[in-house]
file work.txt (compact mmCIF, N, CA and C atoms)
# COMPACT_ATOMS: atom_id res chain seq x y z
N MET M 1 25.21 166.35 133.86
CA MET M 1 24.56 166.16 132.57
C MET M 1 25.28 166.95 131.47
N TYR M 2 25.72 168.17 131.78
CA TYR M 2 26.38 169.00 130.80
C TYR M 2 27.88 169.08 131.02
N GLU M 3 28.45 168.05 131.63
CA GLU M 3 29.87 168.11 131.96
C GLU M 3 30.77 168.19 130.73
N LEU M 4 30.28 167.73 129.57
CA LEU M 4 31.08 167.81 128.35
C LEU M 4 30.90 169.13 127.62
N ALA M 5 29.90 169.92 127.97
CA ALA M 5 29.62 171.15 127.23
C ALA M 5 30.82 172.08 127.23
N ALA M 6 31.38 172.36 128.38
CA ALA M 6 32.51 173.30 128.45
C ALA M 6 33.74 172.79 127.69
N PRO M 7 34.13 171.52 127.87
CA PRO M 7 35.29 171.05 127.09
C PRO M 7 35.05 171.08 125.58
N TYR M 8 33.84 170.73 125.15
CA TYR M 8 33.55 170.78 123.71
C TYR M 8 33.54 172.21 123.20
N GLN M 9 33.03 173.14 123.98
CA GLN M 9 33.06 174.54 123.57
C GLN M 9 34.50 175.01 123.42
N GLU M 10 35.36 174.58 124.32
CA GLU M 10 36.79 174.92 124.23
C GLU M 10 37.40 174.31 122.96
N LEU M 11 37.07 173.06 122.69
CA LEU M 11 37.56 172.39 121.50
C LEU M 11 37.08 173.10 120.24
N TYR M 12 35.79 173.42 120.17
CA TYR M 12 35.24 174.10 119.00
C TYR M 12 35.89 175.45 118.78
N GLU M 13 36.16 176.16 119.87
CA GLU M 13 36.81 177.47 119.76
C GLU M 13 38.23 177.31 119.21
N GLU M 14 38.95 176.30 119.66
CA GLU M 14 40.31 176.07 119.14
C GLU M 14 40.27 175.65 117.67
N ILE M 15 39.28 174.85 117.30
CA ILE M 15 39.16 174.45 115.89
C ILE M 15 38.86 175.67 115.03
N ARG M 16 37.98 176.54 115.50
CA ARG M 16 37.65 177.76 114.76
C ARG M 16 38.90 178.62 114.58
N LYS M 17 39.66 178.80 115.64
CA LYS M 17 40.88 179.60 115.56
C LYS M 17 41.90 178.96 114.63
N LEU M 18 42.03 177.64 114.71
CA LEU M 18 42.95 176.92 113.83
C LEU M 18 42.51 177.05 112.38
N HIS M 19 41.23 176.89 112.13
CA HIS M 19 40.69 177.04 110.77
C HIS M 19 41.02 178.43 110.21
N ASN M 20 40.79 179.46 111.02
CA ASN M 20 41.08 180.82 110.57
C ASN M 20 42.57 181.01 110.29
N ARG M 21 43.42 180.47 111.15
CA ARG M 21 44.87 180.59 110.96
C ARG M 21 45.30 179.85 109.69
N LEU M 22 44.78 178.65 109.47
CA LEU M 22 45.15 177.89 108.28
C LEU M 22 44.66 178.57 107.00
N ARG M 23 43.46 179.14 107.05
CA ARG M 23 42.93 179.86 105.89
C ARG M 23 43.84 181.05 105.57
N TRP M 24 44.21 181.82 106.61
CA TRP M 24 45.08 182.98 106.43
C TRP M 24 46.44 182.54 105.89
N LEU M 25 47.00 181.50 106.49
CA LEU M 25 48.31 181.02 106.07
C LEU M 25 48.28 180.55 104.62
N GLY M 26 47.23 179.82 104.25
CA GLY M 26 47.09 179.38 102.86
C GLY M 26 47.02 180.54 101.89
N ASP M 27 46.26 181.56 102.28
CA ASP M 27 46.17 182.75 101.43
C ASP M 27 47.54 183.41 101.27
N GLN M 28 48.34 183.41 102.33
CA GLN M 28 49.66 184.03 102.28
C GLN M 28 50.62 183.25 101.38
N ILE M 29 50.69 181.94 101.57
CA ILE M 29 51.71 181.18 100.85
C ILE M 29 51.33 180.90 99.39
N HIS M 30 50.04 181.03 99.06
CA HIS M 30 49.62 180.77 97.68
C HIS M 30 49.25 182.04 96.92
N ALA M 31 49.42 183.19 97.55
CA ALA M 31 49.04 184.47 96.93
C ALA M 31 49.82 184.72 95.64
N ALA M 32 51.07 184.33 95.59
CA ALA M 32 51.89 184.57 94.40
C ALA M 32 51.31 183.89 93.16
N ASP M 33 50.61 182.77 93.38
CA ASP M 33 49.97 182.06 92.27
C ASP M 33 48.52 182.47 92.08
N GLY M 34 48.06 183.43 92.89
CA GLY M 34 46.68 183.90 92.76
C GLY M 34 45.65 182.94 93.33
N GLN M 35 46.09 182.03 94.17
CA GLN M 35 45.15 181.06 94.75
C GLN M 35 44.73 181.48 96.14
N THR M 36 43.45 181.45 96.38
CA THR M 36 42.90 181.75 97.70
C THR M 36 42.61 180.44 98.41
N SER M 37 42.31 180.53 99.69
CA SER M 37 41.97 179.32 100.44
C SER M 37 40.71 178.67 99.88
N ALA M 38 39.77 179.48 99.39
CA ALA M 38 38.54 178.92 98.82
C ALA M 38 38.84 178.11 97.56
N LYS M 39 39.64 178.67 96.68
CA LYS M 39 39.99 177.95 95.45
C LYS M 39 40.87 176.74 95.77
N ARG M 40 41.79 176.89 96.72
CA ARG M 40 42.64 175.78 97.11
C ARG M 40 41.79 174.61 97.59
N SER M 41 40.80 174.90 98.43
CA SER M 41 39.93 173.87 98.98
C SER M 41 39.24 173.08 97.86
N LEU M 42 38.74 173.78 96.86
CA LEU M 42 38.08 173.10 95.74
C LEU M 42 39.07 172.27 94.93
N LEU M 43 40.23 172.84 94.66
CA LEU M 43 41.24 172.10 93.90
C LEU M 43 41.66 170.83 94.64
N ILE M 44 41.85 170.92 95.94
CA ILE M 44 42.25 169.75 96.72
C ILE M 44 41.14 168.70 96.70
N SER M 45 39.89 169.12 96.83
CA SER M 45 38.78 168.16 96.77
C SER M 45 38.74 167.45 95.42
N LEU M 46 38.89 168.21 94.35
CA LEU M 46 38.87 167.59 93.02
C LEU M 46 40.08 166.68 92.83
N HIS M 47 41.20 167.05 93.41
CA HIS M 47 42.40 166.21 93.34
C HIS M 47 42.16 164.89 94.07
N ARG M 48 41.57 164.94 95.24
CA ARG M 48 41.35 163.73 96.04
C ARG M 48 40.20 162.88 95.50
N GLU M 49 39.14 163.52 95.06
CA GLU M 49 37.95 162.79 94.64
C GLU M 49 37.98 162.41 93.16
N GLY M 50 38.81 163.08 92.39
CA GLY M 50 38.89 162.77 90.96
C GLY M 50 37.88 163.54 90.13
N GLY M 51 36.86 164.05 90.72
CA GLY M 51 35.84 164.83 90.02
C GLY M 51 34.58 164.89 90.87
N CYS M 52 33.98 166.06 90.90
CA CYS M 52 32.77 166.28 91.70
C CYS M 52 31.89 167.28 90.97
N THR M 53 30.61 167.22 91.24
CA THR M 53 29.70 168.23 90.72
C THR M 53 29.71 169.43 91.64
N VAL M 54 29.25 170.55 91.13
CA VAL M 54 29.15 171.75 91.96
C VAL M 54 28.23 171.49 93.16
N PRO M 55 27.06 170.85 92.97
CA PRO M 55 26.22 170.55 94.14
C PRO M 55 26.91 169.67 95.18
N GLU M 56 27.70 168.70 94.74
CA GLU M 56 28.42 167.86 95.70
C GLU M 56 29.44 168.67 96.49
N LEU M 57 30.16 169.54 95.80
CA LEU M 57 31.15 170.39 96.47
C LEU M 57 30.46 171.33 97.46
N ALA M 58 29.29 171.83 97.08
CA ALA M 58 28.55 172.73 97.97
C ALA M 58 28.04 172.00 99.21
N ARG M 59 27.51 170.80 99.01
CA ARG M 59 27.01 170.01 100.16
C ARG M 59 28.14 169.70 101.14
N GLU M 60 29.30 169.36 100.62
CA GLU M 60 30.45 169.05 101.48
C GLU M 60 30.84 170.25 102.34
N ARG M 61 30.66 171.45 101.80
CA ARG M 61 31.07 172.67 102.50
C ARG M 61 29.92 173.36 103.22
N LEU M 62 28.71 172.84 103.05
CA LEU M 62 27.52 173.42 103.67
C LEU M 62 27.30 174.87 103.24
N VAL M 63 27.50 175.11 101.95
CA VAL M 63 27.27 176.43 101.37
C VAL M 63 26.40 176.27 100.13
N SER M 64 25.97 177.39 99.57
CA SER M 64 25.11 177.33 98.39
C SER M 64 25.90 176.92 97.14
N ARG M 65 25.18 176.39 96.17
CA ARG M 65 25.80 176.03 94.89
C ARG M 65 26.36 177.28 94.21
N GLN M 66 25.66 178.41 94.39
CA GLN M 66 26.10 179.64 93.74
C GLN M 66 27.48 180.07 94.23
N ILE M 67 27.73 179.92 95.51
CA ILE M 67 29.04 180.27 96.06
C ILE M 67 30.13 179.42 95.42
N ILE M 68 29.86 178.12 95.32
CA ILE M 68 30.84 177.21 94.71
C ILE M 68 30.98 177.50 93.22
N GLN M 69 29.86 177.74 92.55
CA GLN M 69 29.90 178.00 91.11
C GLN M 69 30.76 179.21 90.80
N THR M 70 30.69 180.24 91.63
CA THR M 70 31.51 181.44 91.43
C THR M 70 33.00 181.07 91.45
N GLN M 71 33.40 180.27 92.42
CA GLN M 71 34.81 179.86 92.53
C GLN M 71 35.21 178.94 91.38
N ILE M 72 34.30 178.02 91.02
CA ILE M 72 34.57 177.10 89.90
C ILE M 72 34.75 177.89 88.61
N ASN M 73 33.92 178.91 88.41
CA ASN M 73 34.07 179.75 87.21
C ASN M 73 35.45 180.39 87.16
N LEU M 74 35.93 180.87 88.30
CA LEU M 74 37.28 181.46 88.35
C LEU M 74 38.34 180.42 88.02
N LEU M 75 38.18 179.22 88.57
CA LEU M 75 39.14 178.15 88.29
C LEU M 75 39.11 177.74 86.82
N GLN M 76 37.92 177.76 86.22
CA GLN M 76 37.81 177.46 84.79
C GLN M 76 38.52 178.53 83.96
N GLU M 77 38.32 179.79 84.32
CA GLU M 77 38.96 180.89 83.60
C GLU M 77 40.49 180.77 83.67
N GLU M 78 40.99 180.22 84.77
CA GLU M 78 42.44 180.04 84.94
C GLU M 78 42.93 178.77 84.24
N GLY M 79 42.00 177.98 83.70
CA GLY M 79 42.38 176.75 83.02
C GLY M 79 42.74 175.62 83.96
N LEU M 80 42.27 175.69 85.21
CA LEU M 80 42.62 174.68 86.21
C LEU M 80 41.59 173.56 86.32
N VAL M 81 40.35 173.83 85.92
CA VAL M 81 39.30 172.80 85.96
C VAL M 81 38.49 172.86 84.67
N VAL M 82 37.90 171.72 84.34
CA VAL M 82 37.01 171.62 83.17
C VAL M 82 35.80 170.77 83.54
N PRO M 83 34.66 171.06 82.91
CA PRO M 83 33.49 170.20 83.13
C PRO M 83 33.61 168.93 82.29
N ARG M 84 33.20 167.83 82.85
CA ARG M 84 33.19 166.54 82.15
C ARG M 84 31.78 165.96 82.23
N ALA M 85 31.48 165.07 81.33
CA ALA M 85 30.17 164.41 81.35
C ALA M 85 30.00 163.67 82.67
N ASN M 86 28.78 163.69 83.16
CA ASN M 86 28.45 163.03 84.41
C ASN M 86 27.48 161.89 84.10
N PRO M 87 27.92 160.65 84.24
CA PRO M 87 27.04 159.52 83.91
C PRO M 87 25.82 159.43 84.83
N ARG M 88 25.87 160.08 85.99
CA ARG M 88 24.75 160.02 86.94
C ARG M 88 23.73 161.13 86.73
N HIS M 89 24.09 162.15 85.93
CA HIS M 89 23.19 163.29 85.76
C HIS M 89 23.52 163.98 84.45
N LYS M 90 22.49 164.24 83.63
CA LYS M 90 22.75 164.84 82.31
C LYS M 90 23.17 166.29 82.38
N ARG M 91 22.58 167.07 83.29
CA ARG M 91 22.85 168.50 83.31
C ARG M 91 23.96 168.91 84.27
N SER M 92 24.15 168.17 85.34
CA SER M 92 25.16 168.54 86.34
C SER M 92 26.48 167.87 85.99
N LYS M 93 27.38 168.65 85.44
CA LYS M 93 28.68 168.13 85.00
C LYS M 93 29.60 167.86 86.19
N CYS M 94 30.50 166.91 86.00
CA CYS M 94 31.57 166.67 86.98
C CYS M 94 32.70 167.62 86.65
N MET M 95 33.17 168.30 87.65
CA MET M 95 34.31 169.19 87.46
C MET M 95 35.57 168.38 87.72
N ALA M 96 36.53 168.51 86.84
CA ALA M 96 37.77 167.76 86.97
C ALA M 96 38.95 168.69 86.76
N LEU M 97 40.07 168.30 87.34
CA LEU M 97 41.30 169.07 87.17
C LEU M 97 41.85 168.89 85.77
N THR M 98 42.37 169.95 85.21
CA THR M 98 43.13 169.85 83.97
C THR M 98 44.56 169.47 84.35
N ARG M 99 45.39 169.27 83.36
CA ARG M 99 46.81 169.02 83.66
C ARG M 99 47.40 170.21 84.41
N LYS M 100 47.05 171.40 83.97
CA LYS M 100 47.51 172.62 84.65
C LYS M 100 46.99 172.65 86.09
N GLY M 101 45.75 172.18 86.31
CA GLY M 101 45.19 172.13 87.65
C GLY M 101 45.93 171.14 88.53
N ARG M 102 46.25 169.97 87.98
CA ARG M 102 47.01 168.97 88.74
C ARG M 102 48.38 169.51 89.11
N GLU M 103 49.01 170.19 88.16
CA GLU M 103 50.33 170.79 88.44
C GLU M 103 50.21 171.86 89.52
N ALA M 104 49.14 172.64 89.49
CA ALA M 104 48.93 173.68 90.51
C ALA M 104 48.76 173.05 91.89
N VAL M 105 48.00 171.96 91.97
CA VAL M 105 47.79 171.28 93.25
C VAL M 105 49.12 170.71 93.76
N GLU M 106 49.87 170.07 92.87
CA GLU M 106 51.17 169.52 93.28
C GLU M 106 52.10 170.62 93.80
N LYS M 107 52.08 171.78 93.16
CA LYS M 107 52.90 172.91 93.58
C LYS M 107 52.44 173.42 94.96
N MET M 108 51.12 173.51 95.15
CA MET M 108 50.60 173.96 96.45
C MET M 108 50.98 172.99 97.56
N LEU M 109 50.79 171.70 97.31
CA LEU M 109 51.11 170.70 98.32
C LEU M 109 52.60 170.70 98.64
N ALA M 110 53.44 170.88 97.62
CA ALA M 110 54.88 170.94 97.86
C ALA M 110 55.25 172.17 98.67
N ARG M 111 54.63 173.31 98.35
CA ARG M 111 54.89 174.54 99.09
C ARG M 111 54.47 174.37 100.55
N GLU M 112 53.31 173.75 100.78
CA GLU M 112 52.83 173.52 102.15
C GLU M 112 53.74 172.55 102.90
N ALA M 113 54.20 171.50 102.22
CA ALA M 113 55.11 170.55 102.87
C ALA M 113 56.42 171.23 103.24
N ALA M 114 56.93 172.09 102.36
CA ALA M 114 58.17 172.81 102.64
C ALA M 114 57.99 173.74 103.84
N LEU M 115 56.83 174.38 103.92
CA LEU M 115 56.57 175.26 105.06
C LEU M 115 56.55 174.46 106.36
N LEU M 116 55.87 173.32 106.35
CA LEU M 116 55.84 172.46 107.54
C LEU M 116 57.24 172.02 107.92
N GLU M 117 58.04 171.72 106.92
CA GLU M 117 59.42 171.31 107.17
C GLU M 117 60.20 172.46 107.83
N ASP M 118 59.97 173.66 107.33
CA ASP M 118 60.68 174.84 107.87
C ASP M 118 60.27 175.17 109.29
N ILE M 119 58.98 175.16 109.56
CA ILE M 119 58.52 175.60 110.88
C ILE M 119 58.45 174.47 111.90
N GLY M 120 58.49 173.23 111.43
CA GLY M 120 58.42 172.09 112.34
C GLY M 120 56.99 171.85 112.81
N SER M 121 56.85 170.90 113.70
CA SER M 121 55.53 170.54 114.21
C SER M 121 55.62 170.25 115.69
N PRO M 122 54.62 170.69 116.46
CA PRO M 122 54.61 170.37 117.88
C PRO M 122 54.18 168.93 118.15
N LEU M 123 53.70 168.25 117.11
CA LEU M 123 53.25 166.86 117.26
C LEU M 123 54.03 165.96 116.30
N ASN M 124 54.20 164.69 116.69
CA ASN M 124 54.81 163.75 115.75
C ASN M 124 53.73 163.17 114.84
N ALA M 125 54.12 162.40 113.85
CA ALA M 125 53.18 161.88 112.86
C ALA M 125 52.07 161.04 113.50
N LYS M 126 52.43 160.21 114.47
CA LYS M 126 51.43 159.37 115.14
C LYS M 126 50.41 160.24 115.87
N GLU M 127 50.87 161.26 116.57
CA GLU M 127 49.97 162.16 117.29
C GLU M 127 49.05 162.91 116.34
N VAL M 128 49.58 163.31 115.20
CA VAL M 128 48.76 164.01 114.20
C VAL M 128 47.65 163.07 113.70
N LEU M 129 48.00 161.83 113.39
CA LEU M 129 46.99 160.88 112.90
C LEU M 129 45.95 160.56 113.96
N ILE M 130 46.35 160.46 115.20
CA ILE M 130 45.40 160.22 116.29
C ILE M 130 44.45 161.40 116.42
N THR M 131 44.99 162.62 116.37
CA THR M 131 44.17 163.82 116.46
C THR M 131 43.18 163.88 115.29
N ALA M 132 43.67 163.60 114.09
CA ALA M 132 42.79 163.59 112.91
C ALA M 132 41.67 162.57 113.08
N GLY M 133 42.01 161.41 113.64
CA GLY M 133 41.00 160.39 113.89
C GLY M 133 39.93 160.85 114.87
N HIS M 134 40.35 161.52 115.94
CA HIS M 134 39.38 162.05 116.91
C HIS M 134 38.48 163.10 116.27
N LEU M 135 39.06 163.98 115.48
CA LEU M 135 38.26 165.01 114.82
C LEU M 135 37.28 164.39 113.82
N ALA M 136 37.71 163.35 113.12
CA ALA M 136 36.82 162.66 112.18
C ALA M 136 35.66 162.01 112.93
N THR M 137 35.93 161.44 114.09
CA THR M 137 34.87 160.82 114.89
C THR M 137 33.83 161.86 115.30
N ILE M 138 34.28 163.02 115.76
CA ILE M 138 33.35 164.08 116.15
C ILE M 138 32.55 164.56 114.95
N ARG M 139 33.23 164.78 113.80
CA ARG M 139 32.54 165.23 112.59
C ARG M 139 31.48 164.24 112.16
N LYS M 140 31.82 162.96 112.13
CA LYS M 140 30.85 161.93 111.70
C LYS M 140 29.66 161.87 112.65
N HIS M 141 29.92 162.04 113.94
CA HIS M 141 28.83 162.06 114.92
C HIS M 141 27.89 163.24 114.65
N LEU M 142 28.47 164.42 114.40
CA LEU M 142 27.65 165.59 114.12
C LEU M 142 26.88 165.41 112.81
N GLU M 143 27.51 164.80 111.82
CA GLU M 143 26.83 164.57 110.54
C GLU M 143 25.67 163.60 110.68
N SER M 144 25.81 162.65 111.59
CA SER M 144 24.74 161.65 111.76
C SER M 144 23.63 162.13 112.69
N SER M 145 23.84 163.22 113.39
CA SER M 145 22.82 163.76 114.29
C SER M 145 21.78 164.52 113.47
N ASP M 146 20.56 164.47 113.92
CA ASP M 146 19.46 165.12 113.21
C ASP M 146 19.24 166.52 113.77
N PHE M 147 19.80 167.52 113.07
CA PHE M 147 19.65 168.91 113.51
C PHE M 147 18.74 169.61 112.52
N ASP M 148 17.53 169.83 112.88
CA ASP M 148 16.62 170.64 112.05
C ASP M 148 16.24 171.86 112.85
N SER M 149 16.79 173.00 112.41
CA SER M 149 16.47 174.22 113.16
C SER M 149 15.41 175.02 112.48

call {"tool": "encode", "arguments": {"input": "work.txt", "output": "structure tokens"}}
result
Amino acid sequence: MYELAAPYQELYEEIRKLHNRLRWLGDQIHAADGQTSAKRSLLISLHREGGCTVPELARERLVSRQIIQTQINLLQEEGLVVPRANPRHKRSKCMALTRKGREAVEKMLAREAALLEDIGSPLNAKEVLITAGHLATIRKHLESSDFDS
């Protein structure tokens, strides 16, 4: 009945370790520009989504709005994001990248691509996409499960 418990625990532990390593690595390679992994994450989301509200960004990360608002305020002070009108809500603005923000994201992505090029990869592109697909399947399953603690 619990034959999958141990393999999943092993998988979750590896994901946790990988997440920590990627967060640390991101902090290292983007430190010169003053970007942390937390700010990078928000900038990448805004880059991909085109604009999000603070509550949307918080829900995606399963953290409080206040935590996200603190980071958004820092990004605004740096001139990387600006609030825009939100047609779906009068008070909750959509945060969007400025031109400076888009340039910062492009610089971060280029720096990350160069690092990957330098260190290489233990997987080929097809294997990476297959792995990403498996992780997405697990994430979607967990998101669709009803966990009320």

call {"tool": "select_by_dssp", "arguments": {"input": "work.txt", "residues": "chain M", "states": "helix (DSSP H, G or I)", "output": "PyMOL selection string"}}
result
chain M and resi 5-33+37-49+54-61+65-77+99-119+125-144

call {"tool": "atom_distance", "arguments": {"input": "work.txt", "atom1": "atom N of Leu115 in chain M", "atom2": "atom C of Ser45 in chain M"}}
result
21.2 Å

call {"tool": "atom_distance", "arguments": {"input": "work.txt", "atom1": "CA of Asp118 in chain M", "atom2": "atom C of Arg23 in chain M"}}
result
18.1 Å

call {"tool": "select_by_dssp", "arguments": {"input": "work.txt", "residues": "chain M", "states": "strand (DSSP E or B)", "output": "MDAnalysis selection string"}}
result
chainID M and resid 52:53 81:84 94:97

call {"tool": "atom_distance", "arguments": {"input": "work.txt", "atom1": "CA of Leu116 in chain M", "atom2": "CA of Val63 in chain M"}}
result
29.5 Å
